[in-house]
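In what follows, a single structure is set out as C-alpha cells and then discussed.
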2 protein chains.
Amino acid sequence: MAVGEPHIVKSYDDQLDKLNDALFRMCGRAERQLADALKAVADRDADLAAEIVRADPEVDALEHYVSEQTVRLLALRSPVADDLRLVVSGLRVAGDLERIADHAANTARRSIVISQQAPVPPLRVLLRLGKAVQDLLHETLDAYINRDAERALAARDRDVEVDEIYSGLFRELLACMAEDPRTITVCTHLMFMAKNIERIGDHATNIAEMTYYLITGRQIETERPKGDSSSAVEG
Amino acid sequence: MAVGEPHIVKSYDDQLDKLNDALFRMCGRAERQLADALKAVADRDADLAAEIVRADPEVDALEHYVSEQTVRLLALRSPVADDLRLVVSGLRVAGDLERIADHAANTARRSIVISQQAPVPPLRVLLRLGKAVQDLLHETLDAYINRDAERALAARDRDVEVDEIYSGLFRELLACMAEDPRTITVCTHLMFMAKNIERIGDHATNIAEMTYYLITGRQIETERPKGDSSSAVEG
C-alpha cells in the first residue's frame, strides 16, 4: 500500500493524520524560527530575537506530542510497512526539527548580545550562510511534505555549498579578531551562531535522507561528507 | 510485566537481547571515545586522536544496526508496554550515544591541530570540564545499564556543575585571546572543544531522562535548565 492510501478503520487514519499534521506544523514552525532569527540578526532587532527565544518551547511541545502519538500508534495499532516507516521516520524528523528550532533560538539569543556592539564585516558572510541554509531547509521540507524523493536527494547535495561558506566565514572571523582584539567577543558569538546555522543544515540533510527512506524504503547509498570542517581551519 | 521478564517465544527474546547488546556495546564505545579524546588532549597525543577519529564510523554502524533492529522488532513483533518502551527508548539512546561519540571525535580532531601549538592556561580548565562530563556520562550509563531510576535522576542533576565549569572556561578563553591575540586560533579551537564536551553532557542528560522513562513509564516532571549558557557571557 502506498503512503497515504486510505485505511478501512477510520480512527486509525485519524491518528496518522494527526501525527502528520503535528509534523507539518513543526516544519512550518522550524522554518519560521530560522527566518525570524536571521531577520533579527540582520535588523539588530532584539525584540524579535526575544520573541523567538520565547517561542522555542512551543516547538518542544510539538515534538513531545509527536513522540507520545508515535508510541500510542505503535502500541495500539502496530502499523506495518509504509505506515511503520511513516511513524518511525516521523519520530526522527520531529527530533531534527526540534534541534533546528533550538539552534535558531540559540542564534537569536546571541544576536541580542551582539546587537549591543559595533557590527563587524564577517556579519555579512554570516547572513549569506543563513540564506544558504534557509534555502536548503526550505527545499528539504518541501520535499518531505510533498513526498518527493528526487527533490530530497537534490536538497541534500546543497549542504556542500553551506560547508564552503561556513569555512570561509570561519577564516574571516579569525582574521578579524587577530586584526582588532576588541572584536573578539562579537566574533566569538558570530562563530557560535555560524556553528548553530551550519548545524541546522546538517539536520536538514538528515530530514532529506529520512524523506528518501520514507518514500523508497531504502537508505541513500552515497556517503555524504561528515564532520566538523572548521577543525581543519588553522587560521 | 517488568522490564527483563522472560517471554514465551524464544526468538523474540533473542531479538530483544541483541538490541540490548548493541546498545550496551554503544555505551562502552561512547564512554571509551570520550576518555581517549580527553587523554589525547592532555597528552598532546595526535596518534591517539587520529585513532579516535578513525573509530567513529564503528559507533555510527552500531547506531544503524539499532535503528534497523528496532524497525524490524516493531514490524514483526509489535511489542507492547515495557517492551515497546525498551525499543522506543533504545532508538533515542542510540541516537544520543552516536552524537556523544561524534562530539568526542570532533574534540579529538581539534586536539590534533592544537597539539602543534603552544599550550594556553585555559587548557587545564578544559580538562576539568572533560572530567566532570566523563563522571556524568559514567553515572548516566551505569544507571541506564543497571536500570536504576534514582541514579539516573541524580546523574541528571550533575549537569549544573558542568554548565558552571563551562561558563568559567568561556570567560577565561575570551580573556586569554584579548591578552594575547597570538592565542586566538588555539583558544577558538578550545572553545569548540568545550562546546563539544558540554554537548556530551547534554546528551548524557537526555539518556538519564530516557532511563527514568524506560523504568517508570513516566517523564521526569521537573524542568532542567536548557539552552546555550555561553551566549550570556559577554566577556
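Labels for the C-alpha cells follow display order: chains A, B, ..., residues from 1 in each chain, ligands from 1.
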Identify all chain A residues at most 6 Å from chain B by counting only C-alpha atoms; ligands do not count. Present them as number ranges by chain. A: 75, 78, 80, 110, 178, 181, 231
Neighbour list for Ala155 of chain A as an MDAnalysis selection string, cut-off 8 Å, only C-alpha atoms, skip fewer than 5 positions in-chain: chainID A and resid 136 139:140 205 208
What is the atom CA of Glu172 of chain A to atom CA of Ala35 of chain A distance in Å?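 It comes out at 23.7 Å.
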Among chain A, which ones does DSSP place in alpha helix (DSSP H), written as a PyMOL selection string? chain A and resi 10-43+46-77+81-114+122-145+149-157+159-179+184-216
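Shortest separation to Arg156 of chain B among B:Ala55, B:Val133, B:Leu126, B:Leu48 occurs at residue B:Val133, atoms counted being only C-alpha atoms.
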Name the closest residue to Asn196 of chain A among the candidates A:Leu86, A:Ala104, A:Leu173, A:Met210; distances are taken between atoms, counting only C-alpha atoms. A:Ala104
With a distance cut-off of 12 Å and only C-alpha atoms, select the neighbouring residues of Lys131 of chain B, excluding the residue or stretch itself and same-chain residues fewer than 5 positions from it, and output the selection as a PyMOL selection string. chain B and resi 31+34-39+41-42+124-126+136-138+161-162+165-166+194+197-198+200-201
Would you mind listing what lies within 8 Å of Val93 of chain A as a PyMOL selection string, with only C-alpha atoms counted and same-chain residues fewer than 5 positions away left out? chain A and resi 23+206-207+210
Please produce a file of the residues just selected, as a CSV table (one decimal), in the first residue's frame, where the atoms kept are C-alpha atoms.
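Output saved as selection_23.csv:
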chain,number,residue,atom,x,y,z
A,23,LEU,CA,4.8,17.1,11.9
A,206,ASN,CA,19.1,14.3,8.0
A,207,ILE,CA,15.5,15.1,7.1
A,210,MET,CA,14.8,10.4,6.1
Which one is closest to Gln33 of chain B: B:Ser167, B:Gln134, B:Thr211, B:Gln219? Count only C-alpha atoms.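 Once distances to Gln33 of chain B are computed over only C-alpha atoms, the minimum belongs to B:Gln134.
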